[in-house]
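Working notes, structure below.
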Amino acid sequence: MFPYDFGFVPSTKAEDGDPLDVLVLTDEPLFPGCLVECSLIGVLKAEQKEQRHTNRNDRLIAVADQSLLYSETKTLKDLNAKVLEQIEKFFVNYQKVRGIEVRILGHGGPREALQILAEARDGKKAV
């Protein structure tokens with residue numbers, strides 16, 4: 001079970017070859033396939049290892065523009081530390097059951113998240 005809504009940014013390509021991942025903080029669960037206008041609040045920098053191949057697989061963190069619960073959340077620093085820890089553990093454990101090792105490298109703010117998004121839209125590697 002996902003603790004928050006998790007999806008991807010259309011028309012992007014991350015270093016792992018997939019669309020750029022994004023976790024969306026919102027008031028109510030969303031349905032698969034919907035598009036949501038969001039504001040980026042940061043990035044969870046991560047590295048994943050699968051069958052001896054290691055690559056970056058950063059996860060953008062965003063707040064749904066219509067959210068009331070997270071309307072004051074502008075950066076990852078605005079989140080409760082336990083919420084951020086829960087998000088980190090989710091990504092580690094989510095991949096672990098699939099035989100993929102994930103290591104959290106750190107966090108970045110909204111500017112870094114926007115840079116990663118821009119690079120992924122341009123077809124460059126998101127690092």
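Residue numbering restarts at 1 in every chain; chains get A, B, ... in the order shown in the structure tokens, and ligands count up from 1 in that same order.
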Excluding same-chain residues fewer than 4 positions from A:Phe8, what lies within 6 Å of it counting only C-alpha atoms, as a ChimeraX atom specification?
/A:19-22
Residue set, chain A restricted to helix (DSSP H, G or I), as JSON, numbers by chain
{"A": [76, 77, 78, 81, 82, 83, 84, 85, 86, 87, 88, 89, 90, 91, 92, 93, 94, 95, 96, 110, 111, 112, 113, 114, 115, 116, 117, 118, 119, 120, 121]}
Quick one: residues within 10 Å of A:Asp18, only C-alpha atoms, excluding same-chain residues fewer than 5 positions away - as number ranges by chain?
A: 8-9, 12-13, 57, 120
Pick out the residues sitting within 8 Å of stretch 111-118 of chain A, and hand them over as a ChimeraX atom specification; count only C-alpha atoms, and ignore anything fewer than 4 positions along from it in its own chain.
/A:12,20,40-43,60,122,126-127
Looking at only C-alpha atoms, which of A:Leu44, A:Asp27, A:Gly99, A:Leu69 is the one that sits closest to A:Arg56?
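Looking at the shortest contact to A:Arg56, the residue is A:Leu44.
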Quick one: DSSP strand (DSSP E) residues in stretch 26-68 of chain A, as a PyMOL selection string?
chain A and resi 38-50+53-56+59-64
Export, as an mmCIF file, in the first residue's frame, the selected residues with N, CA and C atoms.
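Output below, filename result_6.cif:
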```
data_model
loop_
_atom_site.group_PDB
_atom_site.id
_atom_site.type_symbol
_atom_site.label_atom_id
_atom_site.label_comp_id
_atom_site.auth_asym_id
_atom_site.auth_seq_id
_atom_site.Cartn_x
_atom_site.Cartn_y
_atom_site.Cartn_z
ATOM 1 N N CYS A 38 0.458 20.336 -9.566
ATOM 2 C CA CYS A 38 1.221 20.266 -8.317
ATOM 3 C C CYS A 38 2.299 21.333 -8.277
ATOM 4 N N SER A 39 2.796 21.553 -7.068
ATOM 5 C CA SER A 39 3.970 22.403 -6.850
ATOM 6 C C SER A 39 5.061 21.532 -6.254
ATOM 7 N N LEU A 40 6.235 21.577 -6.850
ATOM 8 C CA LEU A 40 7.358 20.794 -6.335
ATOM 9 C C LEU A 40 7.867 21.392 -5.032
ATOM 10 N N ILE A 41 8.090 20.529 -4.036
ATOM 11 C CA ILE A 41 8.645 20.993 -2.762
ATOM 12 C C ILE A 41 10.039 20.427 -2.519
ATOM 13 N N GLY A 42 10.468 19.501 -3.364
ATOM 14 C CA GLY A 42 11.808 18.960 -3.194
ATOM 15 C C GLY A 42 11.993 17.650 -3.925
ATOM 16 N N VAL A 43 13.129 17.049 -3.648
ATOM 17 C CA VAL A 43 13.488 15.786 -4.284
ATOM 18 C C VAL A 43 14.150 14.883 -3.254
ATOM 19 N N LEU A 44 13.808 13.624 -3.317
ATOM 20 C CA LEU A 44 14.455 12.600 -2.516
ATOM 21 C C LEU A 44 15.495 11.970 -3.435
ATOM 22 N N LYS A 45 16.760 12.216 -3.148
ATOM 23 C CA LYS A 45 17.833 11.694 -3.987
ATOM 24 C C LYS A 45 18.076 10.242 -3.602
ATOM 25 N N ALA A 46 18.047 9.380 -4.609
ATOM 26 C CA ALA A 46 18.175 7.951 -4.325
ATOM 27 C C ALA A 46 18.998 7.262 -5.413
ATOM 28 N N GLU A 47 19.612 6.184 -4.998
ATOM 29 C CA GLU A 47 20.384 5.341 -5.889
ATOM 30 C C GLU A 47 19.805 3.937 -5.757
ATOM 31 N N GLN A 48 19.643 3.256 -6.876
ATOM 32 C CA GLN A 48 19.128 1.898 -6.767
ATOM 33 C C GLN A 48 20.044 0.926 -7.498
ATOM 34 N N LYS A 49 20.118 -0.269 -6.922
ATOM 35 C CA LYS A 49 20.980 -1.314 -7.460
ATOM 36 C C LYS A 49 20.106 -2.521 -7.781
ATOM 37 N N GLU A 50 20.202 -2.939 -9.041
ATOM 38 C CA GLU A 50 19.435 -4.084 -9.496
ATOM 39 C C GLU A 50 20.344 -4.945 -10.362
ATOM 40 N N HIS A 53 23.713 -3.610 -11.382
ATOM 41 C CA HIS A 53 23.688 -2.331 -12.089
ATOM 42 C C HIS A 53 23.133 -1.267 -11.140
ATOM 43 N N THR A 54 23.891 -0.184 -10.960
ATOM 44 C CA THR A 54 23.481 0.891 -10.061
ATOM 45 C C THR A 54 23.203 2.154 -10.867
ATOM 46 N N ASN A 55 22.089 2.794 -10.577
ATOM 47 C CA ASN A 55 21.795 4.077 -11.215
ATOM 48 C C ASN A 55 20.977 4.951 -10.268
ATOM 49 N N ARG A 56 20.944 6.222 -10.588
ATOM 50 C CA ARG A 56 20.144 7.168 -9.812
ATOM 51 C C ARG A 56 18.678 6.959 -10.140
ATOM 52 N N ARG A 59 13.314 10.772 -6.648
ATOM 53 C CA ARG A 59 11.869 10.885 -6.580
ATOM 54 C C ARG A 59 11.510 12.326 -6.250
ATOM 55 N N LEU A 60 10.758 12.946 -7.136
ATOM 56 C CA LEU A 60 10.269 14.295 -6.853
ATOM 57 C C LEU A 60 9.168 14.196 -5.809
ATOM 58 N N ILE A 61 9.081 15.206 -4.965
ATOM 59 C CA ILE A 61 8.016 15.303 -3.976
ATOM 60 C C ILE A 61 7.250 16.589 -4.294
ATOM 61 N N ALA A 62 5.922 16.454 -4.399
ATOM 62 C CA ALA A 62 5.091 17.595 -4.775
ATOM 63 C C ALA A 62 3.858 17.661 -3.887
ATOM 64 N N VAL A 63 3.257 18.836 -3.872
ATOM 65 C CA VAL A 63 1.995 19.054 -3.168
ATOM 66 C C VAL A 63 0.946 19.387 -4.227
ATOM 67 N N ALA A 64 -0.196 18.706 -4.161
ATOM 68 C CA ALA A 64 -1.293 19.021 -5.071
ATOM 69 C C ALA A 64 -1.736 20.460 -4.830
#
```
Using only C-alpha atoms, determine which residues lie at most 9 Å from A:Pro3, disregarding the query and same-chain residues fewer than 6 positions distant; provide the list as an MDAnalysis selection string.
chainID A and resid 86:87 90
Give me a file of those residues, with N, CA and C atoms, as a PDB file, in the first residue's frame.
```pdb
ATOM      1  N   GLN A  86       8.990   8.398   6.871  1.00  0.00           N
ATOM      2  CA  GLN A  86       8.052   7.407   6.351  1.00  0.00           C
ATOM      3  C   GLN A  86       8.160   7.308   4.825  1.00  0.00           C
ATOM      4  N   ILE A  87       8.287   8.436   4.158  1.00  0.00           N
ATOM      5  CA  ILE A  87       8.425   8.453   2.704  1.00  0.00           C
ATOM      6  C   ILE A  87       9.704   7.736   2.290  1.00  0.00           C
ATOM      7  N   PHE A  90       9.347   4.022   2.806  1.00  0.00           N
ATOM      8  CA  PHE A  90       8.450   3.460   1.806  1.00  0.00           C
ATOM      9  C   PHE A  90       9.222   3.123   0.536  1.00  0.00           C
TER      10      PHE A  90
END
```
